[in-house]
Amino acid sequence: MTDKRMSADDVAAQVRDGMTVGIGGWGSRRKPMSLVRALLRTDVRDLTVVSFGGPDVGLLCQAGKVRKVVYGFVSLDSIALDPHFRAAREAGSLEIAEYDEGMCLAGLRAAAHRLPFMPIRAGLSSDVLTINPDLRTITSPYDPDDVVVAMPPLTLDVALVHLNAADQLGNAQYLGPDAYFDDLFCMAAKESYVSCERIVPTEELTATAPVQSLLLSRMFVTGVVESPGSAHFTSCAPDYGRDESFQRHYVASAREPAAWAEFERQFLSGSEDDYQAAVRAFDERPAVAL
Amino acid sequence: MSQLTSDQTGRQQATRAEICVAACADTWIGAGEVLASPIGIVPAVGARLARLTSAPDLVMSDGEALLIMDVPKLGATGSDVGVIEGWLPYRRVFDIVAAGRRQVMMGASQIDRYGNQNISAIGDWRHPAFQLIGVRGAPGNTVNHRTDYWVPRHSRRVFVERVDVVSGVGHDRARANGAAAARYHDVRVVVTDLAVLDFATPDRSMRLRSVHPGVTVEQVQLATGFPLVVEDVTETRLPNADELHLIRDVIDPAGLRNRELPS
């Protein structure tokens, strides 16, 4: 069986200009941030990003990697809006496909099932149909009075997700209370890459957790990256919660060009190891006396 | 605050935020065994108040992925949430939305006379003046189950003639496209810092149901960017002493409600 271990930079090298990239997690929760940071280090551009959006979307937009965002929302959860996404939208520089978040789920399901569309009631009579003029409704073949939205598949070239644990074959496990839609992202993609807190022998995955925690089968996983702490600053329950203090620092920095340049210099100019070291230094900084 | 024992004392002391909490709580009366999804602090206090008083069968979440039996104080997480009665990952939320066993109170950056709501963007969606959070679940919520709204600052910026991006579907648009969108559409009440409004009119346009104590009908109309239907306006009820005790001592002892709606 194939050993699928690789580095975050190996994963980023698989992402090429113009690809559609699905990013797992939800808002500022269990985002594959080290894989996103690896993308920031490449020259890739013109990506279409599909995401239940959080700082993954903001960072990629800020770095000029994104042509189009497909989303239901972009939020940092404890802070309502991501400033980089907001700035990109208000600059008019992004193409968007904004859907009801249930429609995003339906689109991932349609892609995973290789179906031409998934019927869903959400979207009817709303401006989602205006924003997405290619969206069609369909009359029920069983009831001429019933009309639903025909949500097209959100087919992905690449899926990036972060889970708690995996084996080297790509079987992967979530230990928090919510899987989000990471399995569907992987099934909707031609290639899927999982970062995780730890790679363990297969038998250890079920030694202390129920079999239901095995969210991803190796059938749907192309590569595995071991990268502890790499969902930072988003949450990765139960390994760690969201780093609220750092998230506030991200938002405050993003609001002002000079502060953002300093944030980039401090946190985004080196490797993932450099990032993690800079975060530790940030945590240990002395309180500023005023 | 636990010295508040009589209705009389409570009547003198209920804050505007607490009056709004009671009005929000009243939207869940008769909801039965459905998932209550309040967005915002005052609606969250309201839903918990309803669960403890007028709507004991409500199903409540911890705001993340758990259904909880008890009514913990606002902001409690982890083991502080008490007894867990169910599992509510996001995937199940969408299933419950589609099944209709849910009643939500959402916010609104803009809302019009028929209850069309916008939380997506201000201005042209192609190049917005202000990007907001996105349509989120509003299109699905409004065509699947009862939806009410909470507006902490009643103003002409929120109550507009036309919303910029229809996220939550209002009565006119729900009925414009045949039966499909209207089948489960149920947008009913808007609670604001000034008043309680509804759509109980022949053409389902917004009606002023009650004004909060100290607020005039004229004040509400002035803060609204379209003419309201005004007839038989009452005064919004005050929370009773028992409700005030639950709000202040049990549900929100940290007073988060006052941050969302300062007195």
# chains A, B, ... in the order shown; residues from 1 in each chain; ligands from 1
$ select_by_dssp --residues "range 70-196 of chain B" --states "helix (DSSP H, G or I)" --output "CSV table (one decimal) with N, CA, C and O atoms, in the first residue's frame"
chain,number,residue,atom,x,y,z
B,78,GLY,N,-18.1,23.9,26.7
B,78,GLY,CA,-17.5,22.7,27.2
B,78,GLY,C,-18.4,22.0,28.2
B,78,GLY,O,-19.6,21.9,28.0
B,79,SER,N,-17.8,21.6,29.3
B,79,SER,CA,-18.5,20.9,30.3
B,79,SER,C,-19.5,21.8,31.1
B,79,SER,O,-20.4,21.2,31.8
B,80,ASP,N,-19.4,23.1,30.9
B,80,ASP,CA,-20.3,24.0,31.6
B,80,ASP,C,-21.7,23.9,31.0
B,80,ASP,O,-22.7,24.5,31.6
B,81,VAL,N,-21.9,23.3,29.8
B,81,VAL,CA,-23.2,23.3,29.2
B,81,VAL,C,-24.2,22.3,29.8
B,81,VAL,O,-25.4,22.4,29.5
B,90,TYR,N,-23.0,20.6,11.7
B,90,TYR,CA,-23.6,21.5,10.7
B,90,TYR,C,-24.4,20.7,9.7
B,90,TYR,O,-25.5,21.1,9.2
B,91,ARG,N,-23.9,19.5,9.3
B,91,ARG,CA,-24.6,18.7,8.3
B,91,ARG,C,-26.1,18.4,8.8
B,91,ARG,O,-27.0,18.5,8.0
B,92,ARG,N,-26.2,18.2,10.1
B,92,ARG,CA,-27.6,17.9,10.6
B,92,ARG,C,-28.4,19.2,10.6
B,92,ARG,O,-29.6,19.1,10.5
B,93,VAL,N,-27.8,20.3,10.8
B,93,VAL,CA,-28.5,21.6,10.8
B,93,VAL,C,-29.2,21.7,9.5
B,93,VAL,O,-30.4,22.0,9.4
B,94,PHE,N,-28.5,21.4,8.4
B,94,PHE,CA,-29.1,21.6,7.0
B,94,PHE,C,-30.2,20.6,6.8
B,94,PHE,O,-31.2,20.9,6.2
B,95,ASP,N,-30.0,19.4,7.4
B,95,ASP,CA,-31.1,18.4,7.3
B,95,ASP,C,-32.3,18.9,8.0
B,95,ASP,O,-33.5,18.7,7.6
B,96,ILE,N,-32.1,19.5,9.2
B,96,ILE,CA,-33.3,19.9,10.0
B,96,ILE,C,-33.9,21.1,9.3
B,96,ILE,O,-35.2,21.2,9.3
B,97,VAL,N,-33.1,22.0,8.7
B,97,VAL,CA,-33.7,23.1,7.9
B,97,VAL,C,-34.7,22.6,6.9
B,97,VAL,O,-35.8,23.0,6.7
B,98,ALA,N,-34.2,21.6,6.1
B,98,ALA,CA,-35.0,21.0,5.0
B,98,ALA,C,-36.2,20.3,5.6
B,98,ALA,O,-37.2,20.3,4.9
B,99,ALA,N,-36.1,19.7,6.8
B,99,ALA,CA,-37.2,19.0,7.4
B,99,ALA,C,-38.2,19.9,8.0
B,99,ALA,O,-39.3,19.6,8.3
B,138,ALA,N,-29.8,32.2,5.0
B,138,ALA,CA,-31.0,33.0,5.0
B,138,ALA,C,-32.0,32.5,3.8
B,138,ALA,O,-33.2,32.4,4.0
B,139,PRO,N,-31.4,32.3,2.6
B,139,PRO,CA,-32.4,31.9,1.6
B,139,PRO,C,-33.1,30.5,1.9
B,139,PRO,O,-34.3,30.4,1.7
B,140,GLY,N,-32.3,29.6,2.5
B,140,GLY,CA,-32.9,28.3,2.9
B,140,GLY,C,-33.8,28.4,4.0
B,140,GLY,O,-34.9,27.8,4.1
B,141,ASN,N,-33.4,29.1,5.1
B,141,ASN,CA,-34.3,29.3,6.2
B,141,ASN,C,-35.6,29.8,5.9
B,141,ASN,O,-36.7,29.2,6.3
B,142,THR,N,-35.7,30.9,5.1
B,142,THR,CA,-36.9,31.6,4.9
B,142,THR,C,-37.9,30.8,4.0
B,142,THR,O,-39.1,31.0,4.0
B,143,VAL,N,-37.4,29.8,3.2
B,143,VAL,CA,-38.4,29.1,2.3
B,143,VAL,C,-38.6,27.7,3.0
B,143,VAL,O,-39.3,26.9,2.4
B,144,ASN,N,-38.0,27.4,4.2
B,144,ASN,CA,-38.2,26.1,4.8
B,144,ASN,C,-38.9,26.1,6.1
B,144,ASN,O,-39.6,25.1,6.5
B,171,HIS,N,-42.4,38.3,1.9
B,171,HIS,CA,-43.7,37.7,1.5
B,171,HIS,C,-44.0,37.9,0.0
B,171,HIS,O,-44.5,37.1,-0.7
B,172,ASP,N,-43.6,39.1,-0.5
B,172,ASP,CA,-44.0,39.4,-1.9
B,172,ASP,C,-43.2,38.5,-2.9
B,172,ASP,O,-43.8,37.9,-3.8
B,173,ARG,N,-41.9,38.3,-2.6
B,173,ARG,CA,-41.1,37.5,-3.5
B,173,ARG,C,-41.5,36.0,-3.3
B,173,ARG,O,-41.4,35.2,-4.3
B,174,ALA,N,-41.8,35.6,-2.1
B,174,ALA,CA,-42.1,34.2,-1.9
B,174,ALA,C,-43.4,33.8,-2.7
B,174,ALA,O,-43.5,32.7,-3.2
B,175,ARG,N,-44.3,34.8,-2.8
B,175,ARG,CA,-45.6,34.4,-3.5
B,175,ARG,C,-45.5,34.7,-5.0
B,175,ARG,O,-46.4,34.3,-5.8
B,176,ALA,N,-44.4,35.5,-5.5
B,176,ALA,CA,-44.4,35.9,-6.9
B,176,ALA,C,-44.1,34.7,-7.8
B,176,ALA,O,-44.5,34.8,-9.0
B,179,ALA,N,-46.3,28.4,-6.1
B,179,ALA,CA,-46.4,27.9,-4.7
B,179,ALA,C,-45.1,27.4,-4.1
B,179,ALA,O,-45.0,27.3,-2.9
B,180,ALA,N,-44.1,27.2,-4.9
B,180,ALA,CA,-42.9,26.4,-4.4
B,180,ALA,C,-42.2,27.1,-3.3
B,180,ALA,O,-42.0,26.5,-2.3
B,181,ALA,N,-41.9,28.4,-3.5
B,181,ALA,CA,-41.2,29.1,-2.4
B,181,ALA,C,-42.1,29.5,-1.3
B,181,ALA,O,-41.7,29.7,-0.1
B,182,ALA,N,-43.4,29.6,-1.5
B,182,ALA,CA,-44.3,30.0,-0.5
B,182,ALA,C,-44.8,28.9,0.4
B,182,ALA,O,-45.3,29.1,1.5
$ select_by_dssp --residues "range 176-244 of chain B" --states "strand (DSSP E)" --output "VMD selection string"
chain B and resid 186 to 192 195 to 198 207 to 211 229 to 235
$ interface_residues --of "chain B" --to "chain A" --cutoff "6 Å" --atoms "only C-alpha atoms" --output "ChimeraX atom specification"
/B:65,89,127-129,131,133-137,139-140,165-167,169,173-174,180-181
$ closest_residue --among "A:Thr48, A:His162, A:Val194, A:Ile79" --to "Val11 in chain A" --atoms "only C-alpha atoms"
A:Val194
$ residues_around --residues "Cys236 in chain A" --least-positions-apart "3" --cutoff "7 Å" --atoms "only C-alpha atoms" --output "JSON, numbers by chain"
{"A": [29, 30, 231, 239, 240, 241]}
$ residues_around --residues "Asp56 in chain A" --least-positions-apart "5" --cutoff "9 Å" --atoms "only C-alpha atoms" --output "PDB file with all heavy atoms, in the first residue's frame"
ATOM      1  N   ILE A  23     -11.556  24.045   0.175  1.00  0.00           N
ATOM      2  CA  ILE A  23     -10.868  24.080   1.466  1.00  0.00           C
ATOM      3  C   ILE A  23     -11.861  23.717   2.561  1.00  0.00           C
ATOM      4  O   ILE A  23     -12.915  24.346   2.694  1.00  0.00           O
ATOM      5  CB  ILE A  23     -10.257  25.474   1.721  1.00  0.00           C
ATOM      6  CG1 ILE A  23      -9.277  25.827   0.575  1.00  0.00           C
ATOM      7  CG2 ILE A  23      -9.543  25.509   3.076  1.00  0.00           C
ATOM      8  CD1 ILE A  23      -8.654  27.199   0.688  1.00  0.00           C
ATOM      9  N   GLY A  27     -15.642  28.412   8.638  1.00  0.00           N
ATOM     10  CA  GLY A  27     -15.330  29.708   9.254  1.00  0.00           C
ATOM     11  C   GLY A  27     -13.898  29.719   9.752  1.00  0.00           C
ATOM     12  O   GLY A  27     -12.955  29.509   8.985  1.00  0.00           O
ATOM     13  N   SER A  28     -13.727  29.919  11.040  1.00  0.00           N
ATOM     14  CA  SER A  28     -12.391  29.899  11.630  1.00  0.00           C
ATOM     15  C   SER A  28     -12.214  28.631  12.465  1.00  0.00           C
ATOM     16  O   SER A  28     -11.761  28.669  13.598  1.00  0.00           O
ATOM     17  CB  SER A  28     -12.182  31.158  12.478  1.00  0.00           C
ATOM     18  OG  SER A  28     -10.830  31.265  12.862  1.00  0.00           O
ATOM     19  N   LYS A  31      -9.282  24.707   9.836  1.00  0.00           N
ATOM     20  CA  LYS A  31      -8.843  25.040   8.479  1.00  0.00           C
ATOM     21  C   LYS A  31      -7.429  24.490   8.253  1.00  0.00           C
ATOM     22  O   LYS A  31      -6.600  24.538   9.162  1.00  0.00           O
ATOM     23  CB  LYS A  31      -8.838  26.569   8.302  1.00  0.00           C
ATOM     24  CG  LYS A  31     -10.236  27.165   8.165  1.00  0.00           C
ATOM     25  CD  LYS A  31     -10.820  26.833   6.808  1.00  0.00           C
ATOM     26  CE  LYS A  31     -12.240  27.350   6.647  1.00  0.00           C
ATOM     27  NZ  LYS A  31     -12.776  27.053   5.291  1.00  0.00           N
ATOM     28  N   PRO A  32      -7.142  23.998   7.069  1.00  0.00           N
ATOM     29  CA  PRO A  32      -5.792  23.498   6.773  1.00  0.00           C
ATOM     30  C   PRO A  32      -4.844  24.667   6.524  1.00  0.00           C
ATOM     31  O   PRO A  32      -4.372  24.898   5.407  1.00  0.00           O
ATOM     32  CB  PRO A  32      -6.014  22.653   5.509  1.00  0.00           C
ATOM     33  CG  PRO A  32      -7.174  23.307   4.832  1.00  0.00           C
ATOM     34  CD  PRO A  32      -8.070  23.833   5.940  1.00  0.00           C
ATOM     35  N   MET A  33      -4.559  25.403   7.593  1.00  0.00           N
ATOM     36  CA  MET A  33      -3.860  26.689   7.428  1.00  0.00           C
ATOM     37  C   MET A  33      -2.419  26.515   6.959  1.00  0.00           C
ATOM     38  O   MET A  33      -1.894  27.366   6.241  1.00  0.00           O
ATOM     39  CB  MET A  33      -3.922  27.488   8.736  1.00  0.00           C
ATOM     40  CG  MET A  33      -5.329  27.914   9.140  1.00  0.00           C
ATOM     41  SD  MET A  33      -6.145  28.968   7.907  1.00  0.00           S
ATOM     42  CE  MET A  33      -5.301  30.518   8.196  1.00  0.00           C
ATOM     43  N   VAL A  36      -2.610  26.286   3.334  1.00  0.00           N
ATOM     44  CA  VAL A  36      -2.898  27.622   2.790  1.00  0.00           C
ATOM     45  C   VAL A  36      -1.625  28.473   2.812  1.00  0.00           C
ATOM     46  O   VAL A  36      -1.283  29.141   1.830  1.00  0.00           O
ATOM     47  CB  VAL A  36      -4.021  28.306   3.598  1.00  0.00           C
ATOM     48  CG1 VAL A  36      -4.167  29.778   3.218  1.00  0.00           C
ATOM     49  CG2 VAL A  36      -5.347  27.558   3.394  1.00  0.00           C
ATOM     50  N   ARG A  37      -0.908  28.414   3.935  1.00  0.00           N
ATOM     51  CA  ARG A  37       0.337  29.199   4.021  1.00  0.00           C
ATOM     52  C   ARG A  37       1.355  28.713   2.987  1.00  0.00           C
ATOM     53  O   ARG A  37       2.101  29.509   2.420  1.00  0.00           O
ATOM     54  CB  ARG A  37       0.909  29.122   5.443  1.00  0.00           C
ATOM     55  CG  ARG A  37       0.126  29.970   6.442  1.00  0.00           C
ATOM     56  CD  ARG A  37       0.780  30.030   7.818  1.00  0.00           C
ATOM     57  NE  ARG A  37       0.602  28.804   8.589  1.00  0.00           N
ATOM     58  CZ  ARG A  37      -0.384  28.589   9.466  1.00  0.00           C
ATOM     59  NH1 ARG A  37      -1.292  29.525   9.697  1.00  0.00           N
ATOM     60  NH2 ARG A  37      -0.469  27.451  10.115  1.00  0.00           N
ATOM     61  N   SER A  51     -15.276  27.358  -0.373  1.00  0.00           N
ATOM     62  CA  SER A  51     -15.020  27.254   1.062  1.00  0.00           C
ATOM     63  C   SER A  51     -16.209  27.728   1.880  1.00  0.00           C
ATOM     64  O   SER A  51     -16.913  28.659   1.487  1.00  0.00           O
ATOM     65  CB  SER A  51     -13.796  28.123   1.407  1.00  0.00           C
ATOM     66  OG  SER A  51     -13.495  28.070   2.777  1.00  0.00           O
ATOM     67  N   CYS A  61      -6.943  35.706  -0.835  1.00  0.00           N
ATOM     68  CA  CYS A  61      -7.353  36.913  -1.573  1.00  0.00           C
ATOM     69  C   CYS A  61      -6.296  37.997  -1.429  1.00  0.00           C
ATOM     70  O   CYS A  61      -5.914  38.649  -2.402  1.00  0.00           O
ATOM     71  CB  CYS A  61      -8.691  37.437  -1.052  1.00  0.00           C
ATOM     72  SG  CYS A  61     -10.103  36.462  -1.560  1.00  0.00           S
TER      73      CYS A  61
END
$ decode --residues "range 177-200 of chain B" --atoms "N, CA, C and O atoms" --output "compact mmCIF listing (two decimals), in the first residue's frame"
# COMPACT_ATOMS: atom_id res chain seq x y z
N ASN B 177 -43.50 33.69 -7.32
CA ASN B 177 -43.07 32.60 -8.22
C ASN B 177 -43.85 31.31 -8.00
O ASN B 177 -43.28 30.23 -8.00
N GLY B 178 -45.15 31.45 -7.79
CA GLY B 178 -45.95 30.24 -7.63
C GLY B 178 -45.84 29.68 -6.23
O GLY B 178 -45.34 30.34 -5.33
N ALA B 179 -46.27 28.44 -6.06
CA ALA B 179 -46.44 27.87 -4.73
C ALA B 179 -45.13 27.39 -4.11
O ALA B 179 -45.03 27.25 -2.90
N ALA B 180 -44.11 27.15 -4.94
CA ALA B 180 -42.94 26.42 -4.43
C ALA B 180 -42.23 27.14 -3.28
O ALA B 180 -41.95 26.53 -2.25
N ALA B 181 -41.95 28.42 -3.46
CA ALA B 181 -41.21 29.14 -2.42
C ALA B 181 -42.12 29.50 -1.26
O ALA B 181 -41.65 29.71 -0.14
N ALA B 182 -43.41 29.61 -1.51
CA ALA B 182 -44.35 30.04 -0.48
C ALA B 182 -44.82 28.89 0.41
O ALA B 182 -45.32 29.12 1.50
N ARG B 183 -44.62 27.66 -0.06
CA ARG B 183 -45.19 26.49 0.63
C ARG B 183 -44.86 26.46 2.12
O ARG B 183 -45.72 26.25 2.96
N TYR B 184 -43.59 26.67 2.47
CA TYR B 184 -43.16 26.62 3.87
C TYR B 184 -42.68 27.98 4.37
O TYR B 184 -42.08 28.07 5.43
N HIS B 185 -42.91 29.03 3.56
CA HIS B 185 -42.45 30.36 3.94
C HIS B 185 -43.25 30.88 5.12
O HIS B 185 -44.48 30.80 5.12
N ASP B 186 -42.56 31.38 6.15
CA ASP B 186 -43.26 31.85 7.35
C ASP B 186 -42.42 32.91 8.07
O ASP B 186 -41.83 32.65 9.10
N VAL B 187 -42.35 34.09 7.47
CA VAL B 187 -41.65 35.22 8.09
C VAL B 187 -42.68 36.00 8.87
O VAL B 187 -43.66 36.48 8.30
N ARG B 188 -42.51 36.13 10.20
CA ARG B 188 -43.64 36.59 10.99
C ARG B 188 -43.41 37.85 11.81
O ARG B 188 -44.25 38.73 11.82
N VAL B 189 -42.30 37.95 12.52
CA VAL B 189 -42.15 39.03 13.49
C VAL B 189 -40.78 39.68 13.35
O VAL B 189 -39.80 39.01 13.07
N VAL B 190 -40.75 41.01 13.53
CA VAL B 190 -39.48 41.74 13.62
C VAL B 190 -39.47 42.46 14.96
O VAL B 190 -40.34 43.27 15.24
N VAL B 191 -38.49 42.12 15.80
CA VAL B 191 -38.32 42.80 17.09
C VAL B 191 -37.16 43.77 16.93
O VAL B 191 -36.10 43.41 16.42
N THR B 192 -37.38 45.02 17.35
CA THR B 192 -36.30 46.02 17.30
C THR B 192 -36.15 46.67 18.67
O THR B 192 -36.89 46.37 19.60
N ASP B 193 -35.20 47.59 18.77
CA ASP B 193 -35.02 48.30 20.03
C ASP B 193 -36.16 49.28 20.30
O ASP B 193 -36.27 49.80 21.40
N LEU B 194 -37.01 49.53 19.29
CA LEU B 194 -38.12 50.46 19.46
C LEU B 194 -39.50 49.79 19.52
O LEU B 194 -40.41 50.33 20.14
N ALA B 195 -39.63 48.64 18.85
CA ALA B 195 -40.99 48.15 18.61
C ALA B 195 -41.01 46.67 18.24
O ALA B 195 -39.96 46.06 18.02
N VAL B 196 -42.22 46.14 18.15
CA VAL B 196 -42.45 44.82 17.59
C VAL B 196 -43.32 45.00 16.35
O VAL B 196 -44.35 45.68 16.41
N LEU B 197 -42.88 44.43 15.24
CA LEU B 197 -43.61 44.58 13.98
C LEU B 197 -43.95 43.20 13.43
O LEU B 197 -43.29 42.21 13.78
N ASP B 198 -44.98 43.14 12.58
CA ASP B 198 -45.32 41.85 11.97
C ASP B 198 -45.87 42.09 10.57
O ASP B 198 -45.78 43.21 10.03
N PHE B 199 -46.39 41.04 9.96
CA PHE B 199 -46.87 41.12 8.58
C PHE B 199 -48.34 40.69 8.51
O PHE B 199 -48.80 40.15 7.50
N ALA B 200 -49.08 40.93 9.61
CA ALA B 200 -50.47 40.49 9.70
C ALA B 200 -51.39 41.50 9.02
O ALA B 200 -52.25 42.11 9.64
